[in-house]
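query.txt follows (compact mmCIF, C-alpha atoms):
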```
# COMPACT_ATOMS: atom_id res chain seq x y z
CA MET T 1 91.89 -21.44 -78.06
CA ASP T 2 88.50 -20.46 -79.49
CA ARG T 3 88.45 -16.80 -80.52
CA SER T 4 84.99 -16.81 -82.13
CA VAL T 5 82.80 -13.88 -81.26
CA PRO T 6 79.31 -14.80 -80.07
CA LEU T 7 76.44 -13.49 -82.17
CA VAL T 8 73.87 -11.92 -79.86
CA LEU T 9 70.27 -12.33 -80.94
CA ALA T 10 67.37 -10.03 -80.06
CA GLY T 11 66.71 -10.23 -76.33
CA GLY T 12 70.40 -10.67 -75.53
CA THR T 13 70.54 -14.43 -76.21
CA PRO T 14 74.01 -15.41 -77.46
CA ALA T 15 74.23 -17.74 -80.45
CA VAL T 16 77.82 -18.97 -80.69
CA HIS T 17 78.81 -20.33 -84.10
CA LYS T 18 82.13 -19.72 -85.83
CA GLY T 19 80.64 -19.34 -89.29
CA ALA T 20 77.34 -17.69 -88.30
CA MET T 21 78.25 -14.25 -89.64
CA ARG T 22 79.78 -15.70 -92.80
CA THR T 23 76.66 -17.80 -93.41
CA LEU T 24 74.42 -14.80 -92.75
CA LEU T 25 76.37 -12.68 -95.24
CA PHE T 26 76.27 -15.45 -97.85
CA LEU T 27 72.49 -15.84 -97.51
CA ALA T 28 71.98 -12.07 -97.73
CA ALA T 29 74.08 -11.92 -100.90
CA LEU T 30 72.14 -14.82 -102.40
CA VAL T 31 68.77 -13.23 -101.70
CA LEU T 32 69.81 -9.75 -102.87
CA ALA T 33 71.73 -10.85 -105.97
CA PRO T 34 70.13 -9.96 -109.32
CA ALA T 35 68.64 -12.78 -111.35
CA ALA T 36 71.07 -14.33 -113.80
CA HIS T 37 70.33 -14.04 -117.50
CA ALA T 38 70.33 -17.32 -119.43
CA GLU T 39 73.37 -17.37 -121.65
CA THR T 40 73.36 -20.98 -122.83
CA LEU T 41 70.85 -23.72 -123.54
CA GLN T 42 72.02 -25.44 -120.37
CA ASP T 43 70.62 -22.46 -118.42
CA LEU T 44 67.15 -23.46 -119.66
CA HIS T 45 67.45 -27.17 -118.82
CA TRP T 46 64.60 -26.78 -116.31
CA LEU T 47 62.13 -26.99 -119.23
CA LYS T 48 63.16 -30.59 -119.95
CA GLY T 49 60.51 -33.24 -119.52
CA CYS T 50 56.89 -34.04 -120.23
CA TRP T 51 54.19 -31.60 -119.19
CA ARG T 52 50.40 -31.98 -119.47
CA THR T 53 47.40 -29.79 -118.76
CA ALA T 54 44.79 -31.12 -116.34
CA ASP T 55 41.93 -28.72 -117.05
CA PRO T 56 38.62 -30.08 -118.32
CA GLY T 57 38.35 -30.05 -122.10
CA PRO T 58 41.23 -30.38 -124.53
CA VAL T 59 44.45 -31.85 -123.12
CA ILE T 60 47.76 -30.30 -124.15
CA THR T 61 51.00 -32.24 -123.81
CA GLU T 62 54.32 -30.43 -124.18
CA VAL T 63 57.66 -32.27 -124.30
CA TRP T 64 61.16 -30.75 -124.14
CA SER T 65 64.58 -32.33 -124.53
CA ALA T 66 67.65 -30.82 -122.92
CA PRO T 67 71.22 -30.17 -124.00
CA PRO T 68 73.87 -31.42 -124.93
CA MET T 69 72.23 -31.23 -128.35
CA PRO T 70 72.85 -28.04 -130.34
CA ALA T 71 69.22 -27.04 -129.63
CA MET T 72 66.51 -27.88 -127.12
CA ILE T 73 63.86 -29.71 -129.11
CA GLY T 74 60.23 -29.46 -128.10
CA TYR T 75 56.80 -30.29 -129.40
CA SER T 76 53.26 -30.02 -128.19
CA TYR T 77 49.99 -31.53 -129.25
CA THR T 78 46.38 -31.03 -128.23
CA THR T 79 43.87 -33.87 -127.98
CA HIS T 80 40.13 -33.79 -127.33
CA ASP T 81 37.76 -36.76 -127.34
CA GLY T 82 40.64 -38.98 -128.50
CA GLU T 83 41.40 -36.86 -131.58
CA THR T 84 44.48 -34.74 -132.22
CA GLN T 85 43.28 -31.13 -132.56
CA GLY T 86 46.60 -29.37 -133.19
CA TRP T 87 50.36 -29.61 -132.79
CA GLU T 88 53.48 -27.48 -132.81
CA ALA T 89 57.15 -28.20 -133.34
CA MET T 90 59.47 -26.01 -131.26
CA ARG T 91 63.12 -25.54 -130.50
CA ILE T 92 65.32 -23.21 -128.52
CA GLU T 93 68.58 -22.57 -130.32
CA MET T 94 71.53 -20.27 -129.89
CA LEU T 95 71.52 -17.36 -132.32
CA ASP T 96 74.11 -14.58 -132.09
CA GLY T 97 75.14 -15.89 -128.66
CA ALA T 98 71.67 -15.89 -127.08
CA PRO T 99 68.84 -18.44 -126.74
CA VAL T 100 66.01 -17.98 -129.25
CA PHE T 101 62.62 -19.77 -129.13
CA VAL T 102 61.45 -21.00 -132.55
CA GLY T 103 57.83 -22.08 -132.96
CA MET T 104 56.28 -23.80 -135.97
CA PRO T 105 52.52 -24.28 -135.34
CA SER T 106 51.16 -27.21 -137.38
CA GLY T 107 54.55 -27.45 -139.08
CA GLY T 108 54.20 -23.96 -140.60
CA ALA T 109 56.84 -21.30 -141.08
CA ALA T 110 59.32 -20.79 -138.26
CA VAL T 111 58.71 -17.78 -136.03
CA ARG T 112 61.60 -16.63 -133.80
CA PHE T 113 61.27 -15.04 -130.36
CA SER T 114 64.35 -13.58 -128.66
CA LEU T 115 65.00 -14.22 -124.99
CA SER T 116 64.26 -10.96 -123.20
CA GLU T 117 64.26 -11.97 -119.53
CA THR T 118 65.00 -14.85 -117.21
CA LEU T 119 64.09 -15.27 -113.58
CA VAL T 120 65.69 -17.55 -111.02
CA HIS T 121 64.51 -17.67 -107.42
CA VAL T 122 66.13 -20.25 -105.19
CA GLY T 123 64.68 -20.61 -101.74
CA ALA T 124 64.47 -23.27 -99.08
CA ARG T 125 61.38 -24.84 -100.65
CA SER T 126 61.22 -23.20 -104.05
CA GLY T 127 62.88 -23.74 -107.37
CA TYR T 128 61.05 -20.99 -109.25
CA VAL T 129 62.49 -20.22 -112.67
CA GLY T 130 61.19 -18.45 -115.74
CA ALA T 131 62.04 -17.24 -119.23
CA THR T 132 60.40 -14.65 -121.47
CA PHE T 133 60.76 -14.67 -125.25
CA GLU T 134 59.52 -11.78 -127.43
CA ASN T 135 58.92 -10.85 -131.07
CA ALA T 136 57.08 -7.50 -131.34
CA ALA T 137 56.87 -7.82 -135.15
CA HIS T 138 54.78 -11.03 -135.00
CA ASP T 139 50.98 -10.76 -135.10
CA TYR T 140 50.15 -13.09 -132.17
CA PRO T 141 51.61 -14.14 -129.90
CA GLN T 142 54.32 -11.53 -129.43
CA ARG T 143 55.42 -12.73 -126.01
CA ILE T 144 55.88 -16.27 -124.65
CA VAL T 145 56.54 -16.67 -120.94
CA TYR T 146 57.48 -19.97 -119.32
CA GLN T 147 57.50 -20.21 -115.53
CA ARG T 148 58.27 -23.29 -113.48
CA ASP T 149 57.76 -23.87 -109.78
CA ARG T 150 58.73 -27.43 -108.84
CA ASN T 151 56.39 -29.78 -110.77
CA ALA T 152 54.20 -27.03 -112.21
CA LEU T 153 54.90 -25.25 -115.50
CA THR T 154 52.90 -22.37 -116.93
CA ALA T 155 53.16 -21.05 -120.44
CA THR T 156 51.55 -17.70 -121.18
CA ILE T 157 51.22 -16.22 -124.64
CA SER T 158 50.22 -12.58 -125.13
CA ARG T 159 50.78 -9.37 -127.01
CA ILE T 160 54.02 -7.51 -126.24
CA ASP T 161 52.25 -5.39 -123.59
CA GLY T 162 50.80 -8.47 -121.87
CA SER T 163 47.26 -7.99 -123.21
CA ASP T 164 45.15 -10.81 -124.69
CA ALA T 165 47.02 -13.27 -122.47
CA ILE T 166 46.25 -16.98 -122.54
CA THR T 167 47.84 -19.14 -119.84
CA PHE T 168 48.35 -22.89 -120.00
CA ALA T 169 48.92 -24.64 -116.66
CA TYR T 170 50.90 -27.88 -116.91
CA ARG T 171 51.90 -30.55 -114.40
CA ARG T 172 54.97 -32.75 -114.84
CA VAL T 173 54.00 -36.23 -116.00
CA SER T 174 55.96 -39.39 -116.66
CA CYS T 175 56.98 -39.54 -120.28
CA ALA T 176 55.57 -42.51 -122.13
CA SER T 177 58.32 -44.35 -123.98
CA GLU T 178 57.18 -42.94 -127.34
CA LEU T 179 57.29 -39.37 -125.95
CA ARG T 180 60.62 -39.48 -124.15
CA PRO T 181 62.98 -36.73 -125.16
```
Would you mind writing the file out in structure tokens?
Amino acid sequence: MDRSVPLVLAGGTPAVHKGAMRTLLFLAALVLAPAAHAETLQDLHWLKGCWRTADPGPVITEVWSAPPMPAMIGYSYTTHDGETQGWEAMRIEMLDGAPVFVGMPSGGAAVRFSLSETLVHVGARSGYVGATFENAAHDYPQRIVYQRDRNALTATISRIDGSDAITFAYRRVSCASELRP
């Protein structure tokens, strides 16, 4: 004997489905739930892969590996007219129980940026995620923001208040064998 209660839609149209209310409540909870804060390197696995700018001018390629290593290893390099113009070694490691971005432009001294915010939005057609790393004591940049939406990645560097921002727009590319993480 079916004891399900019909769900009545606007206009009085019944929509009979045993789990309709349960599904509706689950979806409401998912949408209204606060964004989770990255607690492990695995939470940042969405950075993994090869990314390249497509703007005219210099081309920037950024490559990230993913766990299970003890750190996410990354590097970027800029080319223009067939010449390498600059490069940076990067990693995201766990320090005091939280992910920390470490940048070493041109192989220089390591500069650490603490994870201050993460964003996860999961929708029917979206896989939008982001992470913000900050170091107010550094001259520039003081903030690094990564945001990914499907096959697009943006990296924005700025001062701690968001001023003097420079945004790099990347598209996912196939990793050449010599670039594979």
Can you tell me which residues surround T:Gln85 at a distance of at most 12 Å, considering all atoms listed in the file, apart from same-chain residues fewer than 2 positions away, and format the answer as an MDAnalysis selection string? chainID T and resid 57:61 76:83 87:88 105:106
Quick one: everything within 10 Å of T:Ser114, counting all atoms listed in the file, minus sequence neighbours fewer than 2 positions away in the same chain. Send it as an NGL selection string. :T and (92 or 94-95 or 98-102 or 112 or 116-117 or 132-136 or 143-144)
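Residues surrounding T:Ser158 within 8 Å are Tyr140, Pro141, Gln142, Arg143, Ile144, Thr156, Ile160, Asp161, Gly162, Ser163, Asp164, Ala165 and Ile166 of chain T [only C-alpha atoms; sequence separation below 2 positions excluded].
Here atom CA of T:Cys175 stands at a distance of 13.6 Å from atom CA of T:Asn151.
Separating atom CA of T:Lys48 from atom CA of T:Arg91 is a distance of 11.7 Å.
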